[in-house]
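Asks: There's a structure below that I have some questions on.
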Amino acid sequence: MTSTTATTPHLFTPDDYEGYTVVGNRCYPEYPSTVEEIRHQDEIWDHSKYFLRRIVVEQDGKIVGAADLNHSRWTFDPDKYHIEVKVDPDLRRRGIGRAMYEDLLAAARDRGAKELIANVKESMTDGLEFALHGGFAEVKRDWESRLDAERFDFSAFAEAPRRVAEAGIRITTLTEDTAKDPTALERIYELDCDCGRDVPSTDPFTPLAFEDWRKEVLESPSSTPDAFYLAVSPEGRYLGVSNLWRSLEDPTFIWQGLTGVRREARGQGIAMALKLKTVEYARAHGIREIKTWNDQRNQPMLRINEAMGFVKQPAWIEMRKVAP
């Protein structure tokens with residue numbers, strides 16, 4: 001790697017994956033990533049459509065800071081960019097984060113960006129202070145919630161699976177249905193997009209193209225198609241989804257992905273029945289905890305999570321500023 005000063009950023013190279021991952025895990029020890037996962041995300045990133053600038057800072061041959069400026073694929077607006085700045089906790093307040101931020105700010109300015117978006121956990125006071133000092137203001141909050149799968153009492157939730165079964169609704173998995181019918185994947189994709197549109201968001205939902213979605217769901221090293229649960233009507237229409245994503249670095253927990261039910265099928269216990277399947281999966285695979293996030297405006301899903309015993313954690317704050 002090119003020798004740099006302690007605060008001079010340089011563009012990320014393939015040699016930087018290990019250091020980039022290490023500093024990210026130092027900053028977010030409760031949300032660890034692996035080189036394999038990050039590399040996969042980079043490999044499926046469509047640079048012809050979405051912008052990405054990634055920089056790092058080295059000190060004594062070790063990466064001590066990393067930062068990204070990029071479009072959001074799921075809420076794509078060509079004039080809006082997400083920005084993330086990470087500095088080793090032991091080396092903060094030495095100008096490293098500021099140098100990376102100014103680099104990305106200049107890149108955003110060169111591209112004519114209209115808005116910058118940052119996400120900060122409210123308990124991470126260094127990051128919150130940095131964002132506020134940079135002129136970012138709060139737009140919305142998402143609750144993080146966690147469920148102790150080992151202590152979950154299934155007997156208290158027998159009604160939802162019973163109602164679903166009595167309605168003739170079948171609970172299956174992506175693995176099971178695509179093994180029987182490879183064309184099912186496109187119908188599952190349509191369901192995923194339909195449910196995704198109803199997830200509260202500051203910007204409108206923009207579904208990935210089918211092939212990009214397929215790579216995300218089937219080829220990601222953290223994907224679990226056998227824990228991608230689906231509710232199917234007696235006529236064979238996909239009605240609801242709830243899926244999980246593995247943590248490769250820490251197998252004691254698993255990420256909860258999208259849980260959604262088509263509007264016309266709500267109120268029948270489908271979401272609860274699907275989420276109960278995710279807890280069964282966690283228990284069967286020795287996973288202690290499920291981590292999930294919900295917009296604070298998403299009261300129906302928050303009520304389900306609260307009823308199941310998910311415990312709220314400090315919220316994640318979406319912050320925005322008009323780009324200079």
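Going through the structure tokens in order, the chains are called A, B, and so on, while each chain numbers its residues from 1 and the ligands are numbered from 1 in the order shown.
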Can you list, as a ChimeraX atom specification, every protein, DNA or RNA residue that comes within 12 Å of Leu208 (chain A) when you count only C-alpha atoms, leaving out same-chain residues fewer than 6 positions away?
Replies: /A:44-46,49-50,72-76,189-190,192-194,196-197,214-217
Asks: Go through region 95-159 of chain A residue by residue and, counting only C-alpha atoms, keep those with an atom at most 10 Å from region 303-318 of chain A; for each kept residue give the shortest atom pair and its distance in Å to one decimal, ordered by chain and increasing number, as a Markdown table.
Replies:
| residue | atom | partner | partner_atom | distance |
| --- | --- | --- | --- | --- |
| A:Ile117 | CA | A:Glu318 | CA | 7.1 |
| A:Ala118 | CA | A:Glu318 | CA | 6.0 |
| A:Asn119 | CA | A:Glu318 | CA | 4.6 |
| A:Val120 | CA | A:Ile317 | CA | 5.2 |
| A:Lys121 | CA | A:Trp316 | CA | 4.2 |
| A:Glu122 | CA | A:Ala315 | CA | 5.8 |
| A:Ser123 | CA | A:Pro314 | CA | 6.1 |
| A:Met124 | CA | A:Pro314 | CA | 9.2 |
| A:Leu128 | CA | A:Ile317 | CA | 8.8 |
| A:Phe136 | CA | A:Glu318 | CA | 9.3 |
| A:Ala137 | CA | A:Glu318 | CA | 8.3 |
| A:Glu138 | CA | A:Glu318 | CA | 5.9 |
| A:Val139 | CA | A:Glu318 | CA | 5.6 |
| A:Lys140 | CA | A:Glu318 | CA | 5.3 |
| A:Arg141 | CA | A:Ile317 | CA | 4.5 |
| A:Asp142 | CA | A:Trp316 | CA | 5.2 |
| A:Trp143 | CA | A:Ala315 | CA | 4.6 |
| A:Glu144 | CA | A:Gln313 | CA | 5.2 |
| A:Ser145 | CA | A:Lys312 | CA | 4.3 |
| A:Arg146 | CA | A:Phe310 | CA | 5.0 |
| A:Leu147 | CA | A:Phe310 | CA | 4.4 |
| A:Asp148 | CA | A:Phe310 | CA | 7.5 |
| A:Ala149 | CA | A:Gly309 | CA | 9.5 |
| A:Arg151 | CA | A:Gly309 | CA | 9.7 |
| A:Phe152 | CA | A:Gly309 | CA | 7.8 |
| A:Asp153 | CA | A:Met308 | CA | 8.7 |
| A:Phe154 | CA | A:Met308 | CA | 9.2 |
| A:Ala156 | CA | A:Met308 | CA | 9.0 |
| A:Phe157 | CA | A:Met308 | CA | 8.3 |
Asks: Work out how far apart CA of Asp68 (chain A) and CA of Glu84 (chain A) are and give it in Å to one decimal.
Replies: 5.3 Å
Asks: Might you pull out every residue within 9 Å of Arg26 (chain A), with only C-alpha atoms counted and same-chain residues fewer than 6 positions away left off, and present them as a PyMOL selection string?
Replies: chain A and resi 32+87-89
Asks: Looking only at the backbone, which of the residues in region 83-200 of chain A does DSSP tag as alpha helix (DSSP H), as a ChimeraX atom specification?
Replies: /A:96-110,125-133,159-166,174-180,184-196
Asks: Using only C-alpha atoms, please write the residues we just selected to a file, as a PDB file, in the first residue's frame.
Replies:
ATOM      1  CA  ILE A  96      -8.758  11.410  10.924  1.00  0.00           C
ATOM      2  CA  GLY A  97     -12.531  11.513  10.647  1.00  0.00           C
ATOM      3  CA  ARG A  98     -12.501  15.163   9.619  1.00  0.00           C
ATOM      4  CA  ALA A  99     -10.018  14.492   6.797  1.00  0.00           C
ATOM      5  CA  MET A 100     -12.166  11.665   5.401  1.00  0.00           C
ATOM      6  CA  TYR A 101     -15.353  13.674   5.775  1.00  0.00           C
ATOM      7  CA  GLU A 102     -13.880  16.634   3.871  1.00  0.00           C
ATOM      8  CA  ASP A 103     -12.729  14.286   1.102  1.00  0.00           C
ATOM      9  CA  LEU A 104     -16.204  12.813   0.679  1.00  0.00           C
ATOM     10  CA  LEU A 105     -17.846  16.214   0.999  1.00  0.00           C
ATOM     11  CA  ALA A 106     -15.737  17.432  -1.924  1.00  0.00           C
ATOM     12  CA  ALA A 107     -16.705  14.362  -3.953  1.00  0.00           C
ATOM     13  CA  ALA A 108     -20.385  14.988  -3.222  1.00  0.00           C
ATOM     14  CA  ARG A 109     -19.991  18.613  -4.246  1.00  0.00           C
ATOM     15  CA  ASP A 110     -18.302  17.627  -7.502  1.00  0.00           C
ATOM     16  CA  THR A 125     -22.154   9.839  21.285  1.00  0.00           C
ATOM     17  CA  ASP A 126     -18.948  10.447  19.290  1.00  0.00           C
ATOM     18  CA  GLY A 127     -20.726   9.806  16.000  1.00  0.00           C
ATOM     19  CA  LEU A 128     -23.787  11.802  17.000  1.00  0.00           C
ATOM     20  CA  GLU A 129     -21.667  14.782  18.016  1.00  0.00           C
ATOM     21  CA  PHE A 130     -19.675  14.561  14.765  1.00  0.00           C
ATOM     22  CA  ALA A 131     -22.860  14.549  12.668  1.00  0.00           C
ATOM     23  CA  LEU A 132     -24.460  17.434  14.531  1.00  0.00           C
ATOM     24  CA  HIS A 133     -21.266  19.464  14.247  1.00  0.00           C
ATOM     25  CA  GLU A 159     -53.395 -18.874  17.985  1.00  0.00           C
ATOM     26  CA  ALA A 160     -51.700 -17.296  14.932  1.00  0.00           C
ATOM     27  CA  PRO A 161     -50.477 -20.579  13.376  1.00  0.00           C
ATOM     28  CA  ARG A 162     -53.892 -22.113  14.046  1.00  0.00           C
ATOM     29  CA  ARG A 163     -55.741 -19.273  12.282  1.00  0.00           C
ATOM     30  CA  VAL A 164     -53.389 -19.421   9.332  1.00  0.00           C
ATOM     31  CA  ALA A 165     -53.741 -23.189   8.978  1.00  0.00           C
ATOM     32  CA  GLU A 166     -57.550 -23.004   9.240  1.00  0.00           C
ATOM     33  CA  LEU A 174     -37.750 -20.233  -0.542  1.00  0.00           C
ATOM     34  CA  THR A 175     -35.564 -23.338  -0.618  1.00  0.00           C
ATOM     35  CA  GLU A 176     -38.548 -25.689  -0.559  1.00  0.00           C
ATOM     36  CA  ASP A 177     -40.640 -23.907  -3.163  1.00  0.00           C
ATOM     37  CA  THR A 178     -37.882 -23.171  -5.687  1.00  0.00           C
ATOM     38  CA  ALA A 179     -36.748 -26.799  -5.480  1.00  0.00           C
ATOM     39  CA  LYS A 180     -40.217 -27.851  -6.641  1.00  0.00           C
ATOM     40  CA  ALA A 184     -41.382 -19.568  -8.170  1.00  0.00           C
ATOM     41  CA  LEU A 185     -38.386 -17.294  -7.577  1.00  0.00           C
ATOM     42  CA  GLU A 186     -39.796 -14.535  -9.784  1.00  0.00           C
ATOM     43  CA  ARG A 187     -43.123 -14.641  -7.923  1.00  0.00           C
ATOM     44  CA  ILE A 188     -41.271 -14.502  -4.603  1.00  0.00           C
ATOM     45  CA  TYR A 189     -39.349 -11.493  -5.927  1.00  0.00           C
ATOM     46  CA  GLU A 190     -42.641  -9.778  -6.790  1.00  0.00           C
ATOM     47  CA  LEU A 191     -43.939 -10.430  -3.257  1.00  0.00           C
ATOM     48  CA  ASP A 192     -40.730  -9.070  -1.724  1.00  0.00           C
ATOM     49  CA  CYS A 193     -41.012  -5.882  -3.788  1.00  0.00           C
ATOM     50  CA  ASP A 194     -44.712  -5.470  -3.000  1.00  0.00           C
ATOM     51  CA  CYS A 195     -44.094  -5.754   0.744  1.00  0.00           C
ATOM     52  CA  GLY A 196     -41.007  -3.569   0.551  1.00  0.00           C
TER      53      GLY A 196
END
Asks: From a DSSP pass on the backbone, collect the residues of region 29-257 of chain A flagged as strand (DSSP E or B) and hand them back as an mmCIF file with C-alpha atoms, in the first residue's frame.
Replies:
data_model
loop_
_atom_site.group_PDB
_atom_site.id
_atom_site.type_symbol
_atom_site.label_atom_id
_atom_site.label_comp_id
_atom_site.auth_asym_id
_atom_site.auth_seq_id
_atom_site.Cartn_x
_atom_site.Cartn_y
_atom_site.Cartn_z
ATOM 1 C CA LEU A 52 -19.501 4.524 -4.576
ATOM 2 C CA ARG A 53 -16.391 6.236 -3.265
ATOM 3 C CA ARG A 54 -14.506 4.454 -0.491
ATOM 4 C CA ILE A 55 -11.418 5.814 1.209
ATOM 5 C CA VAL A 56 -9.173 4.708 4.067
ATOM 6 C CA VAL A 57 -6.532 6.244 6.327
ATOM 7 C CA GLU A 58 -3.430 4.348 7.423
ATOM 8 C CA GLN A 59 -1.160 4.793 10.383
ATOM 9 C CA LYS A 62 -2.561 -0.240 9.583
ATOM 10 C CA ILE A 63 -5.952 1.085 8.498
ATOM 11 C CA VAL A 64 -7.321 3.259 11.300
ATOM 12 C CA GLY A 65 -10.167 4.956 9.448
ATOM 13 C CA ALA A 66 -12.530 4.214 6.591
ATOM 14 C CA ALA A 67 -15.342 6.110 4.930
ATOM 15 C CA ASP A 68 -17.919 5.595 2.184
ATOM 16 C CA LEU A 69 -20.043 7.864 0.028
ATOM 17 C CA ASN A 70 -22.657 6.014 -1.981
ATOM 18 C CA LYS A 80 -28.843 11.924 -2.630
ATOM 19 C CA TYR A 81 -25.846 10.149 -1.075
ATOM 20 C CA HIS A 82 -25.268 8.160 2.082
ATOM 21 C CA ILE A 83 -22.109 8.980 3.979
ATOM 22 C CA GLU A 84 -20.397 6.917 6.675
ATOM 23 C CA VAL A 85 -17.173 7.770 8.494
ATOM 24 C CA LYS A 86 -15.499 5.220 10.790
ATOM 25 C CA VAL A 87 -12.417 5.828 12.959
ATOM 26 C CA GLU A 115 -28.559 15.935 0.117
ATOM 27 C CA LEU A 116 -26.321 13.849 2.349
ATOM 28 C CA ILE A 117 -27.674 11.114 4.629
ATOM 29 C CA ALA A 118 -26.049 9.613 7.722
ATOM 30 C CA ASN A 119 -27.249 7.000 10.211
ATOM 31 C CA VAL A 120 -26.082 7.173 13.825
ATOM 32 C CA LYS A 121 -26.983 5.071 16.846
ATOM 33 C CA ALA A 137 -30.293 17.170 11.512
ATOM 34 C CA GLU A 138 -32.544 14.324 12.638
ATOM 35 C CA VAL A 139 -35.180 13.122 10.178
ATOM 36 C CA LYS A 140 -36.456 9.862 11.679
ATOM 37 C CA ARG A 141 -35.633 7.076 14.121
ATOM 38 C CA ASP A 142 -35.647 3.294 13.906
ATOM 39 C CA TRP A 143 -35.924 1.116 16.970
ATOM 40 C CA GLU A 144 -33.447 -1.698 17.175
ATOM 41 C CA SER A 145 -34.995 -4.653 19.008
ATOM 42 C CA ARG A 146 -33.567 -7.988 20.127
ATOM 43 C CA LEU A 147 -35.221 -11.276 21.020
ATOM 44 C CA ASP A 148 -33.778 -13.934 23.309
ATOM 45 C CA ARG A 170 -49.311 -22.784 3.843
ATOM 46 C CA ILE A 171 -46.018 -21.724 5.435
ATOM 47 C CA THR A 172 -43.024 -22.736 3.356
ATOM 48 C CA THR A 173 -39.489 -21.595 2.522
ATOM 49 C CA SER A 223 -28.152 -15.502 2.938
ATOM 50 C CA THR A 224 -30.313 -18.276 4.411
ATOM 51 C CA PRO A 225 -32.887 -19.371 1.809
ATOM 52 C CA ASP A 226 -33.991 -22.130 4.175
ATOM 53 C CA ALA A 227 -34.952 -19.361 6.638
ATOM 54 C CA PHE A 228 -36.681 -17.258 3.988
ATOM 55 C CA TYR A 229 -40.233 -18.009 5.118
ATOM 56 C CA LEU A 230 -43.269 -17.527 2.894
ATOM 57 C CA ALA A 231 -47.026 -17.650 3.380
ATOM 58 C CA VAL A 232 -48.951 -19.088 0.424
ATOM 59 C CA TYR A 238 -47.577 -15.651 -2.128
ATOM 60 C CA LEU A 239 -49.052 -13.508 0.644
ATOM 61 C CA GLY A 240 -46.288 -12.805 3.144
ATOM 62 C CA VAL A 241 -42.578 -13.063 3.842
ATOM 63 C CA SER A 242 -40.182 -13.062 6.788
ATOM 64 C CA ASN A 243 -36.527 -13.882 6.287
ATOM 65 C CA LEU A 244 -33.286 -14.126 8.225
ATOM 66 C CA TRP A 245 -29.650 -13.344 7.413
ATOM 67 C CA ARG A 246 -26.722 -15.113 9.078
ATOM 68 C CA PHE A 253 -27.151 -14.041 16.643
ATOM 69 C CA ILE A 254 -28.990 -13.650 13.341
ATOM 70 C CA TRP A 255 -30.364 -10.622 11.493
ATOM 71 C CA GLN A 256 -34.098 -10.310 10.858
ATOM 72 C CA GLY A 257 -34.726 -9.129 7.310
#
Asks: May I ask which of the residues A:Ser33, A:His285, A:Val279, A:Pro78 is the closest one to Thr206 (chain A), counting only C-alpha atoms?
Replies: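 The answer is A:Pro78, which sits nearest to Thr206 (chain A).
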Asks: Given only C-alpha atoms as the basis, pick out the residue of A:Val199, A:Ala323, A:Met272, A:Ala167 nearest to Glu235 (chain A).
Replies: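 Ranking A:Val199, A:Ala323, A:Met272, A:Ala167 by distance to Glu235 (chain A), first place goes to A:Ala167.
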